[in-house]
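Structure file target-v7.pdb (PDB, C-alpha atoms, pLDDT in the B column) follows.
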ATOM      1  CA  MET H 123      42.040  56.438  11.756  1.00 83.00           C
ATOM      2  CA  GLU H 124      42.570  53.912   8.973  1.00 94.00           C
ATOM      3  CA  THR H 125      43.104  55.227   5.462  1.00 97.00           C
ATOM      4  CA  VAL H 126      40.487  54.668   2.758  1.00 96.00           C
ATOM      5  CA  ALA H 127      42.896  52.278   1.014  1.00 96.00           C
ATOM      6  CA  GLU H 128      43.298  50.259   4.231  1.00 96.00           C
ATOM      7  CA  HIS H 129      39.526  50.211   4.621  1.00 95.00           C
ATOM      8  CA  LEU H 130      39.072  48.883   1.073  1.00 95.00           C
ATOM      9  CA  LYS H 131      41.586  46.109   1.736  1.00 94.00           C
ATOM     10  CA  SER H 132      39.745  45.189   4.941  1.00 93.00           C
ATOM     11  CA  ARG H 133      36.613  44.746   2.779  1.00 91.00           C
ATOM     12  CA  HIS H 134      38.439  42.165   0.616  1.00 91.00           C
ATOM     13  CA  MET H 135      39.326  44.496  -2.273  1.00 92.00           C
ATOM     14  CA  ASP H 136      42.411  43.720  -4.362  1.00 92.00           C
ATOM     15  CA  LEU H 137      43.614  47.231  -5.194  1.00 93.00           C
ATOM     16  CA  ASN H 138      45.884  45.952  -7.989  1.00 92.00           C
ATOM     17  CA  LEU H 139      43.030  44.198  -9.791  1.00 91.00           C
ATOM     18  CA  HIS H 140      40.326  46.839  -9.417  1.00 92.00           C
ATOM     19  CA  ARG H 141      42.516  49.968  -9.307  1.00 92.00           C
ATOM     20  CA  PRO H 142      40.126  52.421  -7.662  1.00 95.00           C
ATOM     21  CA  PHE H 143      41.018  56.084  -7.504  1.00 96.00           C
ATOM     22  CA  VAL H 144      41.408  56.821  -3.790  1.00 97.00           C
ATOM     23  CA  ASP H 145      41.266  60.399  -2.528  1.00 96.00           C
ATOM     24  CA  GLU H 146      42.420  60.240   1.083  1.00 97.00           C
ATOM     25  CA  GLU H 147      41.821  63.952   1.649  1.00 95.00           C
ATOM     26  CA  GLU H 148      38.167  63.740   0.553  1.00 95.00           C
ATOM     27  CA  ARG H 149      37.890  60.206   2.036  1.00 96.00           C
ATOM     28  CA  VAL H 150      36.338  58.745  -1.107  1.00 96.00           C
ATOM     29  CA  ALA H 151      37.113  55.839  -3.452  1.00 97.00           C
ATOM     30  CA  THR H 152      36.001  55.894  -7.071  1.00 96.00           C
ATOM     31  CA  PHE H 153      35.508  52.647  -8.979  1.00 95.00           C
ATOM     32  CA  TRP H 154      35.376  52.819 -12.770  1.00 93.00           C
ATOM     33  CA  LEU H 155      32.658  51.055 -14.756  1.00 93.00           C
ATOM     34  CA  TYR H 156      33.612  49.481 -18.084  1.00 89.00           C
ATOM     35  CA  THR H 157      32.072  47.759 -21.061  1.00 84.00           C
ATOM     36  CA  PRO H 158      33.386  44.238 -21.808  1.00 81.00           C
ATOM     37  CA  ASP H 159      35.861  45.776 -24.281  1.00 81.00           C
ATOM     38  CA  LEU H 160      37.068  48.026 -21.426  1.00 83.00           C
ATOM     39  CA  ARG H 161      35.643  51.375 -22.532  1.00 87.00           C
ATOM     40  CA  SER H 162      34.874  53.571 -19.523  1.00 89.00           C
ATOM     41  CA  VAL H 163      31.131  54.201 -19.146  1.00 91.00           C
ATOM     42  CA  GLY H 164      30.723  55.550 -15.641  1.00 93.00           C
ATOM     43  CA  TYR H 165      31.819  55.340 -12.050  1.00 94.00           C
ATOM     44  CA  HIS H 166      30.714  54.325  -8.582  1.00 94.00           C
ATOM     45  CA  GLN H 167      31.874  56.279  -5.530  1.00 95.00           C
ATOM     46  CA  TYR H 168      32.156  54.993  -1.987  1.00 95.00           C
ATOM     47  CA  ARG H 169      32.578  57.155   1.106  1.00 95.00           C
ATOM     48  CA  PRO H 170      33.251  55.029   4.201  1.00 94.00           C
ATOM     49  CA  GLU H 171      31.832  57.715   6.502  1.00 93.00           C
ATOM     50  CA  GLY H 172      29.009  58.749   4.143  1.00 90.00           C
ATOM     51  CA  GLU H 173      25.311  58.550   4.949  1.00 87.00           C
ATOM     52  CA  LYS H 174      23.700  55.361   3.671  1.00 79.00           C
ATOM     53  CA  LYS H 175      20.292  57.017   4.013  1.00 78.00           C
ATOM     54  CA  LEU H 176      21.234  59.528   1.292  1.00 71.00           C
ATOM     55  CA  PRO H 177      20.914  57.346  -1.818  1.00 71.00           C
ATOM     56  CA  ASN H 178      22.979  58.481  -4.786  1.00 74.00           C
ATOM     57  CA  ASP H 179      24.011  61.740  -3.102  1.00 74.00           C
ATOM     58  CA  PHE H 180      27.276  62.819  -4.773  1.00 82.00           C
ATOM     59  CA  LYS H 181      28.783  64.733  -1.845  1.00 83.00           C
ATOM     60  CA  ASN H 182      27.402  63.195   1.347  1.00 86.00           C
ATOM     61  CA  GLY H 183      26.065  59.761   0.497  1.00 88.00           C
ATOM     62  CA  LYS H 184      27.894  56.526   1.205  1.00 91.00           C
ATOM     63  CA  TYR H 185      27.353  55.437  -2.424  1.00 92.00           C
ATOM     64  CA  PHE H 186      26.963  57.364  -5.674  1.00 92.00           C
ATOM     65  CA  THR H 187      26.732  55.869  -9.167  1.00 91.00           C
ATOM     66  CA  TRP H 188      26.760  57.553 -12.558  1.00 92.00           C
ATOM     67  CA  ARG H 189      26.765  55.479 -15.739  1.00 88.00           C
ATOM     68  CA  LYS H 190      25.788  55.650 -19.404  1.00 87.00           C
ATOM     69  CA  GLY H 191      23.304  52.834 -19.933  1.00 79.00           C
ATOM     70  CA  TYR H 192      23.507  49.706 -17.850  1.00 79.00           C
ATOM     71  CA  HIS H 193      26.919  48.351 -16.877  1.00 84.00           C
ATOM     72  CA  PRO H 194      27.785  46.401 -13.729  1.00 91.00           C
ATOM     73  CA  TRP H 195      30.998  46.866 -11.775  1.00 93.00           C
ATOM     74  CA  GLY H 196      33.813  44.309 -11.964  1.00 94.00           C
ATOM     75  CA  VAL H 197      34.354  43.771 -15.692  1.00 92.00           C
ATOM     76  CA  GLU H 198      38.105  43.777 -15.049  1.00 91.00           C
ATOM     77  CA  SER H 199      37.647  40.497 -13.135  1.00 93.00           C
ATOM     78  CA  LEU H 200      36.041  38.564 -16.008  1.00 92.00           C
ATOM     79  CA  ARG H 201      39.367  37.016 -17.025  1.00 91.00           C
ATOM     80  CA  LEU H 202      39.731  35.301 -13.638  1.00 93.00           C
ATOM     81  CA  SER H 203      37.260  32.417 -14.097  1.00 91.00           C
ATOM     82  CA  PRO H 204      36.143  31.941 -17.704  1.00 90.00           C
ATOM     83  CA  SER H 205      33.293  29.480 -17.090  1.00 93.00           C
ATOM     84  CA  VAL H 206      31.486  31.149 -14.175  1.00 96.00           C
ATOM     85  CA  VAL H 207      30.751  34.626 -12.859  1.00 96.00           C
ATOM     86  CA  PHE H 208      29.327  35.391  -9.434  1.00 97.00           C
ATOM     87  CA  LEU H 209      26.699  38.144  -9.466  1.00 96.00           C
ATOM     88  CA  THR H 210      26.228  40.268  -6.344  1.00 95.00           C
ATOM     89  CA  GLU H 211      24.446  43.422  -5.290  1.00 93.00           C
ATOM     90  CA  GLY H 212      27.447  45.470  -4.153  1.00 92.00           C
ATOM     91  CA  VAL H 213      31.130  46.028  -4.854  1.00 95.00           C
ATOM     92  CA  PHE H 214      32.381  44.575  -1.591  1.00 94.00           C
ATOM     93  CA  ASP H 215      30.216  41.487  -2.003  1.00 94.00           C
ATOM     94  CA  ALA H 216      31.821  40.909  -5.414  1.00 95.00           C
ATOM     95  CA  CYS H 217      35.268  41.429  -3.882  1.00 95.00           C
ATOM     96  CA  ARG H 218      34.695  38.399  -1.656  1.00 94.00           C
ATOM     97  CA  PHE H 219      35.058  36.379  -4.902  1.00 96.00           C
ATOM     98  CA  THR H 220      37.554  38.425  -6.924  1.00 95.00           C
ATOM     99  CA  ASN H 221      39.949  38.479  -3.978  1.00 91.00           C
ATOM    100  CA  LEU H 222      39.996  34.663  -4.242  1.00 93.00           C
ATOM    101  CA  GLY H 223      40.594  34.659  -8.005  1.00 94.00           C
ATOM    102  CA  TYR H 224      37.015  34.327  -9.328  1.00 96.00           C
ATOM    103  CA  SER H 225      35.087  36.584 -11.685  1.00 95.00           C
ATOM    104  CA  ALA H 226      32.351  38.610 -10.019  1.00 96.00           C
ATOM    105  CA  LEU H 227      30.110  41.492 -11.004  1.00 96.00           C
ATOM    106  CA  ALA H 228      28.156  43.896  -8.805  1.00 95.00           C
ATOM    107  CA  VAL H 229      24.839  45.269 -10.052  1.00 92.00           C
ATOM    108  CA  LEU H 230      25.171  48.409  -7.842  1.00 89.00           C
ATOM    109  CA  SER H 231      21.475  48.411  -7.131  1.00 77.00           C
ATOM    110  CA  ASN H 232      18.882  46.733  -5.006  1.00 72.00           C
ATOM    111  CA  ASP H 233      16.553  46.667  -8.017  1.00 72.00           C
ATOM    112  CA  PRO H 234      18.361  45.399 -11.136  1.00 77.00           C
ATOM    113  CA  GLN H 235      16.698  46.171 -14.452  1.00 76.00           C
ATOM    114  CA  SER H 236      15.997  43.977 -17.473  1.00 76.00           C
ATOM    115  CA  ASP H 237      19.082  45.380 -19.282  1.00 80.00           C
ATOM    116  CA  LEU H 238      21.134  43.271 -16.888  1.00 84.00           C
ATOM    117  CA  LYS H 239      19.779  40.039 -18.421  1.00 84.00           C
ATOM    118  CA  ASN H 240      20.940  41.155 -21.880  1.00 83.00           C
ATOM    119  CA  TRP H 241      24.337  42.145 -20.522  1.00 83.00           C
ATOM    120  CA  LEU H 242      24.815  38.778 -18.800  1.00 88.00           C
ATOM    121  CA  THR H 243      23.688  36.766 -21.845  1.00 87.00           C
ATOM    122  CA  MET H 244      26.608  38.060 -23.902  1.00 86.00           C
ATOM    123  CA  LEU H 245      29.087  36.662 -21.342  1.00 88.00           C
ATOM    124  CA  ASN H 246      28.275  33.107 -22.424  1.00 90.00           C
ATOM    125  CA  ARG H 247      29.068  31.602 -19.014  1.00 92.00           C
ATOM    126  CA  LYS H 248      27.240  30.311 -15.973  1.00 95.00           C
ATOM    127  CA  VAL H 249      25.975  33.141 -13.774  1.00 95.00           C
ATOM    128  CA  VAL H 250      25.570  32.377 -10.074  1.00 97.00           C
ATOM    129  CA  ALA H 251      23.562  35.084  -8.307  1.00 96.00           C
ATOM    130  CA  VAL H 252      24.666  35.350  -4.683  1.00 96.00           C
ATOM    131  CA  CYS H 253      21.708  37.054  -3.077  1.00 93.00           C
ATOM    132  CA  ASP H 254      21.207  38.831   0.199  1.00 89.00           C
ATOM    133  CA  ASN H 255      18.486  37.280   2.312  1.00 87.00           C
ATOM    134  CA  ASP H 256      15.934  40.047   1.686  1.00 87.00           C
ATOM    135  CA  ALA H 257      13.521  41.411  -0.956  1.00 88.00           C
ATOM    136  CA  ALA H 258      16.370  42.808  -3.080  1.00 87.00           C
ATOM    137  CA  GLY H 259      18.005  39.383  -3.061  1.00 89.00           C
ATOM    138  CA  LYS H 260      14.827  37.823  -4.428  1.00 91.00           C
ATOM    139  CA  ARG H 261      14.904  40.298  -7.320  1.00 91.00           C
ATOM    140  CA  LEU H 262      18.593  39.601  -8.018  1.00 92.00           C
ATOM    141  CA  ALA H 263      17.973  35.828  -8.020  1.00 93.00           C
ATOM    142  CA  LYS H 264      16.035  36.146 -11.288  1.00 92.00           C
ATOM    143  CA  PHE H 265      19.224  37.147 -13.126  1.00 92.00           C
ATOM    144  CA  GLY H 266      21.330  34.067 -12.436  1.00 93.00           C
ATOM    145  CA  HIS H 267      21.294  30.608 -13.957  1.00 94.00           C
ATOM    146  CA  GLU H 268      21.460  29.559 -10.320  1.00 95.00           C
ATOM    147  CA  ALA H 269      20.759  31.560  -7.174  1.00 96.00           C
ATOM    148  CA  VAL H 270      22.140  31.136  -3.677  1.00 95.00           C
ATOM    149  CA  PHE H 271      20.835  33.043  -0.676  1.00 94.00           C
ATOM    150  CA  THR H 272      22.999  34.060   2.254  1.00 91.00           C
ATOM    151  CA  ASP H 273      22.257  32.716   5.721  1.00 85.00           C
ATOM    152  CA  GLN H 274      22.804  36.200   7.110  1.00 79.00           C
ATOM    153  CA  LYS H 275      21.045  39.320   5.824  1.00 78.00           C
ATOM    154  CA  ASP H 276      24.089  40.350   3.756  1.00 82.00           C
ATOM    155  CA  LEU H 277      26.987  38.535   2.057  1.00 87.00           C
ATOM    156  CA  GLY H 278      29.383  40.896   3.830  1.00 82.00           C
ATOM    157  CA  ASP H 279      28.295  39.371   7.139  1.00 82.00           C
ATOM    158  CA  GLU H 280      29.068  35.818   6.025  1.00 89.00           C
ATOM    159  CA  SER H 281      32.169  33.894   7.022  1.00 91.00           C
ATOM    160  CA  GLY H 282      35.045  33.105   4.707  1.00 91.00           C
ATOM    161  CA  GLU H 283      33.962  29.466   4.989  1.00 93.00           C
ATOM    162  CA  PHE H 284      30.548  30.344   3.508  1.00 93.00           C
ATOM    163  CA  VAL H 285      32.236  32.003   0.507  1.00 93.00           C
ATOM    164  CA  MET H 286      34.697  29.123   0.054  1.00 94.00           C
ATOM    165  CA  ASN H 287      31.810  26.623   0.056  1.00 93.00           C
ATOM    166  CA  LEU H 288      30.117  28.605  -2.727  1.00 93.00           C
ATOM    167  CA  ILE H 289      33.318  28.555  -4.745  1.00 94.00           C
ATOM    168  CA  LYS H 290      33.719  24.813  -4.221  1.00 93.00           C
ATOM    169  CA  GLU H 291      30.143  24.166  -5.320  1.00 93.00           C
ATOM    170  CA  TYR H 292      29.798  26.621  -8.210  1.00 91.00           C
ATOM    171  CA  GLY H 293      33.271  27.868  -9.135  1.00 81.00           C
ATOM    172  CA  GLN H 294      34.265  25.143 -11.589  1.00 71.00           C
TER     173      GLN H 294
END
Just give me the structure as structure tokens.
Amino acid sequence: METVAEHLKSRHMDLNLHRPFVDEEERVATFWLYTPDLRSVGYHQYRPEGEKKLPNDFKNGKYFTWRKGYHPWGVESLRLSPSVVFLTEGVFDACRFTNLGYSALAVLSNDPQSDLKNWLTMLNRKVVAVCDNDAAGKRLAKFGHEAVFTDQKDLGDESGEFVMNLIKEYGQ
């Protein structure tokens, strides 16, 4: 069985950039959430074998998020590309960009709230929403200066070529 760290790497995560806390015994990875000045304001947990149908279940769910106020995941990547940030629904979608040296944030929700617009405005850069091809993607599209929809249902199902084409078109 692959380790949690190996699993994260297979999902395009740069462990040196994002520095998750990985508990191999519990089989869980914890990703810290930060403000732009890098104050910790919450965390997002991922259990590879967890139940996706148990939303925000701390012990058995695939994903669990706790945060003070609204803060997306991926603030540590903002230094990578100062003129653009890619906005995605999930951590591993954002990693498709950060692993290639581009700033990306994950909203950690399929229903982003209006606080996100305020948060993104203070970045003072172009926001490209990379949206899943579903209802949640349509909601996320409203938060970018530009929106791109995946050909597949989910960005995680797209080829590396699809991601590279997005970077070529929007990453400058």
### Task
Could you expand the PyMOL selection byres ((chain H and resi 174) around 8) into the explicit residues it covers here, written as an MDAnalysis selection string?
chainID H and resid 172:173 175:177 183:185
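The space between CA of Leu130 (chain H) and CA of Phe153 (chain H) spans 11.3 Å.
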### Message
With all atoms listed in the file as the counted atoms, please give the residues lying no more than 8 Å from Ala226 (chain H), apart from itself and same-chain residues fewer than 4 positions off, as a PyMOL selection string.
### Response
chain H and resi 196-197+199-200+207-210+216-217+219-220
Picked residues, the PyMOL selection byres ((chain H and resi 246-257) around 7), as a JSON list (two decimals) with C-alpha atoms, in the coordinates of the input:
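Written out: out.json:
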[["chain", "number", "residue", "atom", "x", "y", "z"],
["H", 205, "SER", "CA", 33.29, 29.48, -17.09],
["H", 206, "VAL", "CA", 31.49, 31.15, -14.18],
["H", 207, "VAL", "CA", 30.75, 34.63, -12.86],
["H", 208, "PHE", "CA", 29.33, 35.39, -9.43],
["H", 209, "LEU", "CA", 26.70, 38.14, -9.47],
["H", 210, "THR", "CA", 26.23, 40.27, -6.34],
["H", 243, "THR", "CA", 23.69, 36.77, -21.84],
["H", 244, "MET", "CA", 26.61, 38.06, -23.90],
["H", 245, "LEU", "CA", 29.09, 36.66, -21.34],
["H", 258, "ALA", "CA", 16.37, 42.81, -3.08],
["H", 259, "GLY", "CA", 18.00, 39.38, -3.06],
["H", 260, "LYS", "CA", 14.83, 37.82, -4.43],
["H", 261, "ARG", "CA", 14.90, 40.30, -7.32],
["H", 262, "LEU", "CA", 18.59, 39.60, -8.02],
["H", 263, "ALA", "CA", 17.97, 35.83, -8.02],
["H", 265, "PHE", "CA", 19.22, 37.15, -13.13],
["H", 266, "GLY", "CA", 21.33, 34.07, -12.44],
["H", 267, "HIS", "CA", 21.29, 30.61, -13.96],
["H", 268, "GLU", "CA", 21.46, 29.56, -10.32],
["H", 269, "ALA", "CA", 20.76, 31.56, -7.17],
["H", 270, "VAL", "CA", 22.14, 31.14, -3.68],
["H", 271, "PHE", "CA", 20.84, 33.04, -0.68],
["H", 272, "THR", "CA", 23.00, 34.06, 2.25],
["H", 273, "ASP", "CA", 22.26, 32.72, 5.72],
["H", 274, "GLN", "CA", 22.80, 36.20, 7.11],
["H", 275, "LYS", "CA", 21.04, 39.32, 5.82],
["H", 276, "ASP", "CA", 24.09, 40.35, 3.76],
["H", 277, "LEU", "CA", 26.99, 38.53, 2.06]]
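CA of Leu242 (chain H) is found 27.8 Å from CA of Asp179 (chain H).
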Using all atoms of region 189-196 of chain H that appear in the file, construct an axis-aligned enclosing box with 6 Å of padding on every side and provide its centre coordinates and edge lengths in Å, rounded to one decimal, as AutoDock Vina command-line options.
--center_x 28.6 --center_y 50.0 --center_z -15.9 --size_x 22.5 --size_y 23.3 --size_z 20.2
### Message
As a check of understanding, name the residues that the PyMOL selection byres ((chain H and resi 155) around 10) selects in the supplied structure, as a VMD selection string.
### Response
chain H and resid 152 to 154 156 to 158 160 to 166 187 to 190 192 to 198
### Query
Can you tell me how far CA of Lys131 (chain H) sits from CA of Leu227 (chain H), in Å to one decimal?
17.8 Å
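Each of H:Asn287, H:Tyr224, H:Glu147, H:Val229 was compared to Arg201 (chain H) using all atoms listed in the file, and H:Tyr224 turns out to be the nearest.
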Write out as a short mmCIF file (atom, residue, chain, number, x, y, z; two decimals) with C-alpha atoms, keeping the file's coordinate frame each polymer residue whose atoms come within 8 Å of Ser203 (chain H), counting only C-alpha atoms; drop sequence neighbours fewer than 5 positions from it.
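New file part.cif:
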data_model
loop_
_atom_site.label_atom_id
_atom_site.label_comp_id
_atom_site.auth_asym_id
_atom_site.auth_seq_id
_atom_site.Cartn_x
_atom_site.Cartn_y
_atom_site.Cartn_z
CA GLY H 223 40.59 34.66 -8.01
CA TYR H 224 37.02 34.33 -9.33
CA SER H 225 35.09 36.58 -11.68
CA GLY H 293 33.27 27.87 -9.14
#
### Query
Between H:Trp241, H:Glu171, H:Leu202, H:Ser132, which one has atoms that come closest to Arg149 (chain H), using only C-alpha atoms?
H:Glu171
#### Entry: From H:Phe180, H:Asn240, H:Glu146, H:Arg218, residue lying nearest Phe284 (chain H) [all atoms listed in the file]
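Nearest candidate to Phe284 (chain H) out of H:Phe180, H:Asn240, H:Glu146, H:Arg218: H:Arg218.
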### Task
List the neighbours of Glu211 (chain H) out to 7 Å using all atoms listed in the file; skip same-chain residues closer than 3 positions along the sequence, and give me the result as a PyMOL selection string.
chain H and resi 215+228-232
### Task
Give as a PyMOL selection string every residue, naming chains and numbers as the document does, that has an atom within 7 Å of (18.8, 41.9, -13.7), counting all atoms listed in the file.
chain H and resi 234-239+262+264-265
Go ahead and write the residues just picked, C-alpha atoms, as an mmCIF file, keeping the file's coordinate frame.
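So selection34.cif came out as:
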data_model
loop_
_atom_site.group_PDB
_atom_site.id
_atom_site.type_symbol
_atom_site.label_atom_id
_atom_site.label_comp_id
_atom_site.auth_asym_id
_atom_site.auth_seq_id
_atom_site.Cartn_x
_atom_site.Cartn_y
_atom_site.Cartn_z
ATOM 1 C CA PRO H 234 18.361 45.399 -11.136
ATOM 2 C CA GLN H 235 16.698 46.171 -14.452
ATOM 3 C CA SER H 236 15.997 43.977 -17.473
ATOM 4 C CA ASP H 237 19.082 45.380 -19.282
ATOM 5 C CA LEU H 238 21.134 43.271 -16.888
ATOM 6 C CA LYS H 239 19.779 40.039 -18.421
ATOM 7 C CA LEU H 262 18.593 39.601 -8.018
ATOM 8 C CA LYS H 264 16.035 36.146 -11.288
ATOM 9 C CA PHE H 265 19.224 37.147 -13.126
#
### Residues within 7 Å of Ala151 (chain H), only C-alpha atoms, excluding chain neighbours under 6 positions, as a list in words
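Here the answer would be Pro142, Phe143, Val144, Asp145, Gln167, Tyr168 and Arg169 of chain H.
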